Amino acid sequence: MTKLFETWCVHDNSERGLKRYLKLTEKKGGRAAVLDHLGETVRSHYERLDRIADDVSQLGFQGAAAILKEVLPTTPRAQSGDLGEILASELTEELLEFEVPVRRMRFKDGREVPMRGDDFIGVNFCADDDGLWLLKGEAKSRGTLNRTTITEAREALQRHEGRCTPMSLLFVANRLLESDNPDEVALGRLIRNEVGRKALAKNRIDHALFTLSGNGPVQALAEDFEAAERGRGHAVINLHVEDYADFIESIFMQAADLGDG
C-alpha cells in the first residue's frame, strides 16, 4: 500500500539524541497523487470501511453517502481540529513506529464537538521484553501557527507527570477489550494494568507534538524542540500546507464523496 507521507511530502528531519524535529512540505504534484488516499483515510477515521461497504450494498451509493455525511464535521473549526488529529495518527503509524489502535473520531458524541483527553495515543509492544511503550500526542491545526499554541500543546504533554491521562488510556483500553481479536484484548488488558500500576518508566512514554499549519514551521517550534525535557523520546512535527483552508475543505469533500459506483 502507498505510504501517505512518503508519496505526498518532502521530509526535513533532524535528530538529536532521543529528540526528532520533522518538517514536512508538499511535493510538487504530491497532493494530487494522494488525494484519493487522503479522502479514504479521513473517511476511515469516522466509519469502518467495511461498514460503509455494507451501507453501499444495502442502500446504494447515495444512501451510504447520506449516512457518512451525518458523521463528518461541517464547520471549518471542527474540520481543522479533526484533520490535525487524523493526520497526526497516520504520521505516528507511518513514521514514528507506534500503532494508534483506536480511531477516536468514530466515538464522537457530536460531529462538531472536539473529543477531550489526549489527542492521540500510540502503542508499541515488544514481546521480547514484555514491554509496553506509549506515545502521548498533542495535535494542533492552525491557519497561522504561533508561540501560544505551541506552548499550550507542550503544557498538555507535561500534565500528569508526562503520562497519558488515565481517562484517555482507559478509553483506548476499553475499546480494545471490546474487540473480537484476542491480541487486541490482551493489549487492552495491559493498558488497563498501566492505569492501575503506573509502572512505565519515563523513558517508555514518548511525546509527540504535531502541527498542521498554513505558515511554515515557526521559530517557537524549533525552540520547543531544543527545550524538550531529557529522559524521554520527543517528536516535534510540522506539516506546512500553504492553502490551508482550501486544503481542509477539499479533503472533507473528498472524504464525503463515495462516487456512484
# chains A, B, ... in the order shown; residues from 1 in each chain; ligands from 1
$ residues_around --residues "Thr151 of chain A" --least-positions-apart "4" --cutoff "10 Å" --atoms "only C-alpha atoms" --output "PyMOL selection string"
chain A and resi 146-147+155-157+220-221+224
$ select_by_dssp --residues "segment 20-114 of chain A" --states "helix (DSSP H, G or I)" --output "PyMOL selection string"
chain A and resi 30-46+49-71+76-95+104-107
$ closest_residue --among "A:Asn174, A:Gln79, A:Leu49, A:Ser141" --to "Pro101 of chain A" --atoms "only C-alpha atoms"
A:Asn174
$ atom_distance --atom1 "atom CA of Phe98 of chain A" --atom2 "atom CA of Ser14 of chain A"
19.0 Å
$ closest_residue --among "A:Leu83, A:Thr75, A:Arg48, A:Leu176" --to "Phe247 of chain A" --atoms "only C-alpha atoms"
A:Leu83
$ closest_residue --among "A:Glu90, A:Pro114, A:Val102, A:Gly29" --to "Leu187 of chain A" --atoms "only C-alpha atoms"
A:Val102
$ closest_residue --among "A:Thr144, A:Thr2, A:Gln254, A:Ser213" --to "Leu35 of chain A" --atoms "only C-alpha atoms"
A:Gln254
$ residues_around --residues "Gly259 of chain A" --least-positions-apart "6" --cutoff "9 Å" --atoms "only C-alpha atoms" --output "PyMOL selection string"
chain A and resi 61-62+65
$ closest_residue --among "A:Leu38, A:Val71, A:Ile86, A:Ala208" --to "Leu18 of chain A" --atoms "only C-alpha atoms"
A:Ala208
$ residues_around --residues "Glu40 of chain A" --least-positions-apart "3" --cutoff "10 Å" --atoms "only C-alpha atoms" --output "ChimeraX atom specification"
/A:34-37,43-45,49,251-252,254-258
$ residues_around --residues "Arg204 of chain A" --least-positions-apart "4" --cutoff "12 Å" --atoms "only C-alpha atoms" --output "JSON, numbers by chain"
{"A": [18, 122, 123, 124, 125, 126, 131, 132, 133, 134, 135, 136, 162, 163, 164, 194, 198, 199, 200, 231, 232, 233, 234]}
$ write_last_selection --atoms "N, CA and C atoms" --output "tab-separated table (two decimals), in the first residue's frame"
chain	number	residue	atom	x	y	z
A	18	LEU	N	17.40	11.58	21.80
A	18	LEU	CA	16.07	11.00	21.75
A	18	LEU	C	15.05	11.92	21.08
A	122	GLY	N	-0.21	6.54	20.98
A	122	GLY	CA	0.43	5.47	20.23
A	122	GLY	C	0.89	4.36	21.17
A	123	VAL	N	0.92	3.16	20.63
A	123	VAL	CA	1.28	1.98	21.42
A	123	VAL	C	2.32	1.16	20.65
A	124	ASN	N	3.34	0.75	21.36
A	124	ASN	CA	4.32	-0.18	20.81
A	124	ASN	C	4.54	-1.25	21.87
A	125	PHE	N	4.49	-2.50	21.45
A	125	PHE	CA	4.66	-3.60	22.40
A	125	PHE	C	5.75	-4.52	21.90
A	126	CYS	N	6.74	-4.73	22.72
A	126	CYS	CA	7.85	-5.62	22.38
A	126	CYS	C	7.72	-6.90	23.19
A	131	GLY	N	7.43	-5.67	27.06
A	131	GLY	CA	7.46	-4.23	27.32
A	131	GLY	C	6.42	-3.44	26.56
A	132	LEU	N	5.63	-2.70	27.30
A	132	LEU	CA	4.69	-1.76	26.72
A	132	LEU	C	5.38	-0.40	26.59
A	133	TRP	N	5.19	0.25	25.45
A	133	TRP	CA	5.76	1.57	25.20
A	133	TRP	C	4.62	2.45	24.70
A	134	LEU	N	4.48	3.64	25.25
A	134	LEU	CA	3.38	4.53	24.90
A	134	LEU	C	3.88	5.84	24.29
A	135	LEU	N	3.05	6.42	23.46
A	135	LEU	CA	3.30	7.74	22.90
A	135	LEU	C	2.12	8.64	23.26
A	136	LYS	N	2.40	9.73	23.95
A	136	LYS	CA	1.38	10.73	24.28
A	136	LYS	C	1.48	11.85	23.26
A	162	GLY	N	3.75	13.93	32.66
A	162	GLY	CA	4.14	13.48	31.33
A	162	GLY	C	3.48	12.19	30.89
A	163	ARG	N	2.64	11.61	31.73
A	163	ARG	CA	1.96	10.37	31.39
A	163	ARG	C	0.68	10.65	30.61
A	164	CYS	N	0.24	9.67	29.83
A	164	CYS	CA	-1.06	9.76	29.20
A	164	CYS	C	-2.13	9.90	30.28
A	194	GLU	N	-1.60	-0.66	33.23
A	194	GLU	CA	-0.75	0.51	33.38
A	194	GLU	C	-1.48	1.64	34.11
A	198	LYS	N	0.74	2.38	37.08
A	198	LYS	CA	1.65	3.47	36.70
A	198	LYS	C	3.10	2.99	36.75
A	199	ALA	N	3.31	1.86	36.09
A	199	ALA	CA	4.61	1.19	36.18
A	199	ALA	C	5.60	1.60	35.10
A	200	LEU	N	5.12	2.21	34.03
A	200	LEU	CA	6.03	2.53	32.93
A	200	LEU	C	7.00	3.62	33.35
A	231	GLY	N	15.38	12.58	28.90
A	231	GLY	CA	14.93	11.36	29.57
A	231	GLY	C	13.80	10.63	28.88
A	232	ARG	N	13.24	11.21	27.81
A	232	ARG	CA	12.20	10.53	27.04
A	232	ARG	C	12.33	10.94	25.58
A	233	GLY	N	11.73	10.15	24.71
A	233	GLY	CA	11.73	10.48	23.29
A	233	GLY	C	10.73	11.59	22.98
A	234	HIS	N	11.11	12.46	22.06
A	234	HIS	CA	10.24	13.54	21.63
A	234	HIS	C	10.23	13.61	20.11
$ closest_residue --among "A:Leu72, A:Leu212, A:Ala228, A:Ala222" --to "Thr25 of chain A" --atoms "only C-alpha atoms"
A:Leu212
$ atom_distance --atom1 "atom CA of Ile248 of chain A" --atom2 "atom CA of Glu70 of chain A"
17.9 Å
